[in-house]
Amino acid sequence: MTLLRQTHLLLFKDLLIELRRRDSLLTMFFFGTLLLFVFHFAFDLPPDKIAELAPALLWLAFLFTGTLGLAQLFLAERDNHCLGALLLSPLDRGALFLAKTAFNFILMFLVELVVIPLFWILFNLSAWNLLPQLFLVTLLGTVGFCVLGTITAAITLRARARELLLPLVLFPLMIPVILATIRCMESILRTGDMVEAMPWLRLLIGFDVIFLTIGVLIFDSVIES
Amino acid sequence: MRLTVKQLAKAYGYLWALRHLDLELASGEFIALLGPNGAGKTTLLKLLAGLATPTAGTIELDGRSLAANGAALRGQIGLLAPADHLYDQLTVTENLRFFSSLYGKAYHESGLAAGLEEVGLGERAKEAVGNLSAGMKCRLSIAKWRLLDPGLLLLDEPYGVLDGSGVDLLEAFLRQQCAKGHIVIMASHHVSRAVSLCSRALVLHQGRLSFNEAKQSPWPSFDRAFGDFLPRGGL
């Protein structure tokens, strides 16, 4: 069976389980929304600082929300030692990495679909025409987050204090992704186009491609150790 | 199918769970893997299944190293752990479909339904596995491995959760596997049942193979080797 067919099979299984459990998506959605309201009441963003601060606040919300989802990424596999069943099978471990990354990406995407417009409304942002560009950058940042997050979640899977360890390992590794995403969004909000954001955008795409490839190649050793 | 184990050893930190184990098993053999708690039975099964990495030694299936050809050989190895390795949120049929696809086995819905009927789960086909009792999950595991038909089947304490008809079902399945020329290795504390089924008994003690003989009747050497681990009654 090809890598893509195995990935599709595992992703379908994860989505079906999530559809029945609704644990991860609902938790992430409510937590993300709650954070936005906390930010809304805590910060009074002056109009000249919006371009600078809005992307950082938005990504702070995504980072915390996404970490919540990552902590539950292998939940279905922990019940009944199902990870053992997957490792016992002839499955390509790279397919497991791709499926888990895609699953996490879909959850984050659904949360972002609600959180970004809500952020615009709560902070009274007027640049609605820039939403497609900002959304594109957010998706590229989300890919980077999910790729690194899946590797980190697998590394910390058997750790005793895994919920604590996961952000401690993940956040420093995420610095290039967060930096590039926030700088991209800030440039778009400030200038109204993507010209100034292009170097950061290239860095983001490069990061995504490199770590996606590395993930497929090293996941075998990561998950078995 | 031929299983060859050479100088296999596994240490957890400073503790040796298994030491210098040599084994040669031929097609159609049924192995009763016996020994007291902590003897290394589960560790040996995990190593043979590829779920743990040996500290030293090699495992070969038909002359091919498990360490070097893991992905290719894993499809030939099954581990029946009662009530384990099944997704609680998927239905009984969905679990069978998922694992069949994962192992690249073609299946028909009628075949799945017939397989479930045979293990007594025909009426529970659409129920979530999480709602099943441990015994029913074990029956589903039997249906799963019947469908996947591995050349080397490992079993870890399969009797604990099964009722009488479940035990008959399991033993009939294991006999079928051996008749097909597959190798079955069963770790169990139900010594009399395991010995009645087996063609060879292995006894592990403190991580070492202390007994390895083909079955005889009567079997005084086995009685001597295993006698130390039998309950003596009283306090």
# chains A, B, ... in the order shown; residues from 1 in each chain; ligands from 1
$ residues_around --residues "Thr191 in chain A" --least-positions-apart "4" --cutoff "12 Å" --atoms "only C-alpha atoms" --output "PDB file with C-alpha atoms, in the first residue's frame"
ATOM      1  CA  ALA A  51      -0.601  46.121  12.615  1.00  0.00           C
ATOM      2  CA  GLU A  52       2.164  45.405  15.120  1.00  0.00           C
ATOM      3  CA  ALA A 127      -9.068  45.701   6.756  1.00  0.00           C
ATOM      4  CA  LEU A 130      -6.740  41.687   3.597  1.00  0.00           C
ATOM      5  CA  ARG A 183       6.310  39.468  10.464  1.00  0.00           C
ATOM      6  CA  CYS A 184       4.411  38.463   7.300  1.00  0.00           C
ATOM      7  CA  MET A 185       1.051  39.389   8.783  1.00  0.00           C
ATOM      8  CA  GLU A 186       2.400  42.633  10.198  1.00  0.00           C
ATOM      9  CA  SER A 187       3.769  43.649   6.755  1.00  0.00           C
ATOM     10  CA  VAL A 195       5.465  42.629  -1.503  1.00  0.00           C
ATOM     11  CA  GLU A 196       7.268  43.408   1.758  1.00  0.00           C
ATOM     12  CA  ALA A 197       6.156  40.102   3.270  1.00  0.00           C
TER      13      ALA A 197
END
$ interface_residues --of "chain A" --to "chain B" --cutoff "7 Å" --atoms "only C-alpha atoms" --output "list in words"
Met1, Gln6, Ile17, Asn80, His81, Cys82, Gly84, Ala85, Leu87, Leu88, Ser89, Pro90 and Leu91 of chain A
$ residues_around --residues "Phe119 in chain A" --least-positions-apart "2" --cutoff "9 Å" --atoms "only C-alpha atoms" --output "PyMOL selection string"
chain A and resi 33+36-37+40+54+58+114-117+121-125
$ select_by_dssp --residues "chain B" --states "strand (DSSP E or B)" --output "PyMOL selection string"
chain B and resi 3-12+15-25+30-34+56-61+64-65+77-80+91+128+152-156+183-187+200-205+208-214
$ closest_residue --among "B:Gly135, B:Gly40, B:Gly28, B:Gly151" --to "Arg200 in chain B" --atoms "only C-alpha atoms"
B:Gly28
$ atom_distance --atom1 "CA of Lys144 in chain B" --atom2 "CA of Leu33 in chain B"
22.5 Å
$ select_by_dssp --residues "range 43-175 of chain A" --states "alpha helix (DSSP H)" --output "mmCIF file with C-alpha atoms, in the first residue's frame"
data_model
loop_
_atom_site.group_PDB
_atom_site.id
_atom_site.type_symbol
_atom_site.label_atom_id
_atom_site.label_comp_id
_atom_site.auth_asym_id
_atom_site.auth_seq_id
_atom_site.Cartn_x
_atom_site.Cartn_y
_atom_site.Cartn_z
ATOM 1 C CA ILE A 50 -2.831 47.311 15.473
ATOM 2 C CA ALA A 51 -0.601 46.121 12.615
ATOM 3 C CA GLU A 52 2.164 45.405 15.120
ATOM 4 C CA LEU A 53 0.194 43.769 17.910
ATOM 5 C CA ALA A 54 -2.763 42.027 16.258
ATOM 6 C CA PRO A 55 -0.736 39.202 14.578
ATOM 7 C CA ALA A 56 1.150 38.506 17.814
ATOM 8 C CA LEU A 57 -2.060 38.272 19.829
ATOM 9 C CA LEU A 58 -3.719 36.110 17.196
ATOM 10 C CA TRP A 59 -0.763 33.712 17.089
ATOM 11 C CA LEU A 60 -0.565 33.585 20.864
ATOM 12 C CA ALA A 61 -4.148 32.287 20.759
ATOM 13 C CA PHE A 62 -3.308 29.745 18.013
ATOM 14 C CA LEU A 63 -0.203 28.573 19.841
ATOM 15 C CA PHE A 64 -2.041 27.826 23.085
ATOM 16 C CA THR A 65 -5.064 26.384 21.308
ATOM 17 C CA GLY A 66 -2.926 24.227 19.039
ATOM 18 C CA THR A 67 -0.865 22.914 21.965
ATOM 19 C CA LEU A 68 -4.123 21.812 23.578
ATOM 20 C CA GLY A 69 -4.943 19.831 20.425
ATOM 21 C CA LEU A 70 -1.433 18.360 20.231
ATOM 22 C CA ALA A 71 -1.684 17.051 23.785
ATOM 23 C CA LEU A 75 -5.255 9.973 22.574
ATOM 24 C CA ALA A 76 -7.045 7.400 20.391
ATOM 25 C CA GLU A 77 -3.814 5.383 20.177
ATOM 26 C CA ARG A 78 -3.283 5.401 23.945
ATOM 27 C CA CYS A 82 -3.607 0.971 19.788
ATOM 28 C CA LEU A 83 -0.250 2.600 19.055
ATOM 29 C CA GLY A 84 1.205 -0.874 19.566
ATOM 30 C CA ALA A 85 -1.287 -2.213 17.007
ATOM 31 C CA LEU A 86 -0.127 0.402 14.489
ATOM 32 C CA LEU A 87 3.568 -0.224 15.179
ATOM 33 C CA LEU A 88 2.989 -3.969 14.860
ATOM 34 C CA ARG A 93 5.684 5.246 9.924
ATOM 35 C CA GLY A 94 5.906 8.240 7.584
ATOM 36 C CA ALA A 95 2.196 7.722 6.817
ATOM 37 C CA LEU A 96 1.421 7.912 10.536
ATOM 38 C CA PHE A 97 3.323 11.222 10.722
ATOM 39 C CA LEU A 98 1.539 12.651 7.666
ATOM 40 C CA ALA A 99 -1.892 11.518 8.897
ATOM 41 C CA LYS A 100 -1.407 12.974 12.375
ATOM 42 C CA THR A 101 -0.048 16.233 10.917
ATOM 43 C CA ALA A 102 -2.985 16.478 8.498
ATOM 44 C CA PHE A 103 -5.467 15.674 11.273
ATOM 45 C CA ASN A 104 -4.043 18.376 13.521
ATOM 46 C CA PHE A 105 -3.987 20.808 10.597
ATOM 47 C CA ILE A 106 -7.685 20.193 9.867
ATOM 48 C CA LEU A 107 -8.611 20.837 13.516
ATOM 49 C CA MET A 108 -6.519 24.033 13.613
ATOM 50 C CA PHE A 109 -7.971 25.171 10.274
ATOM 51 C CA LEU A 110 -11.535 24.763 11.559
ATOM 52 C CA VAL A 111 -10.687 26.720 14.709
ATOM 53 C CA GLU A 112 -8.972 29.453 12.675
ATOM 54 C CA LEU A 113 -12.019 29.736 10.405
ATOM 55 C CA VAL A 114 -13.963 30.960 13.433
ATOM 56 C CA VAL A 115 -11.258 32.681 15.473
ATOM 57 C CA ILE A 116 -9.826 35.007 12.765
ATOM 58 C CA PRO A 117 -13.131 36.688 11.787
ATOM 59 C CA LEU A 118 -14.068 36.868 15.485
ATOM 60 C CA PHE A 119 -10.746 38.604 16.210
ATOM 61 C CA TRP A 120 -11.493 41.145 13.454
ATOM 62 C CA ILE A 121 -14.895 41.862 14.954
ATOM 63 C CA LEU A 122 -13.738 42.053 18.588
ATOM 64 C CA LEU A 131 -8.280 38.621 5.241
ATOM 65 C CA PRO A 132 -7.525 36.195 2.316
ATOM 66 C CA GLN A 133 -3.791 37.086 2.335
ATOM 67 C CA LEU A 134 -3.635 36.906 6.125
ATOM 68 C CA PHE A 135 -5.463 33.602 6.058
ATOM 69 C CA LEU A 136 -2.958 32.187 3.552
ATOM 70 C CA VAL A 137 -0.039 33.194 5.797
ATOM 71 C CA THR A 138 -1.837 31.749 8.823
ATOM 72 C CA LEU A 139 -2.307 28.429 7.004
ATOM 73 C CA LEU A 140 1.401 28.260 6.128
ATOM 74 C CA GLY A 141 2.261 29.002 9.757
ATOM 75 C CA THR A 142 -0.227 26.358 10.844
ATOM 76 C CA VAL A 143 1.466 23.760 8.626
ATOM 77 C CA GLY A 144 4.796 24.543 10.352
ATOM 78 C CA PHE A 145 3.134 24.331 13.755
ATOM 79 C CA CYS A 146 1.463 20.998 12.971
ATOM 80 C CA VAL A 147 4.621 19.447 11.493
ATOM 81 C CA LEU A 148 6.800 20.363 14.482
ATOM 82 C CA GLY A 149 3.932 19.710 16.890
ATOM 83 C CA THR A 150 3.403 16.154 15.622
ATOM 84 C CA ILE A 151 7.107 15.329 15.966
ATOM 85 C CA THR A 152 7.198 16.841 19.462
ATOM 86 C CA ALA A 153 3.965 15.102 20.523
ATOM 87 C CA ALA A 154 5.483 11.775 19.420
ATOM 88 C CA ILE A 155 8.757 12.481 21.277
ATOM 89 C CA ARG A 162 3.970 15.120 28.819
ATOM 90 C CA GLU A 163 1.462 18.025 28.978
ATOM 91 C CA LEU A 164 4.173 20.142 30.616
ATOM 92 C CA LEU A 165 7.029 18.849 28.491
ATOM 93 C CA LEU A 166 5.250 19.303 25.142
ATOM 94 C CA PRO A 167 5.179 23.157 25.128
ATOM 95 C CA LEU A 168 8.649 23.289 26.724
ATOM 96 C CA VAL A 169 10.108 21.367 23.779
ATOM 97 C CA LEU A 170 7.821 22.765 21.087
ATOM 98 C CA PHE A 171 7.827 26.518 21.728
ATOM 99 C CA PRO A 172 11.589 27.121 21.282
ATOM 100 C CA LEU A 173 11.510 25.078 18.045
ATOM 101 C CA MET A 174 8.547 27.136 16.865
ATOM 102 C CA ILE A 175 10.384 30.481 17.067
#
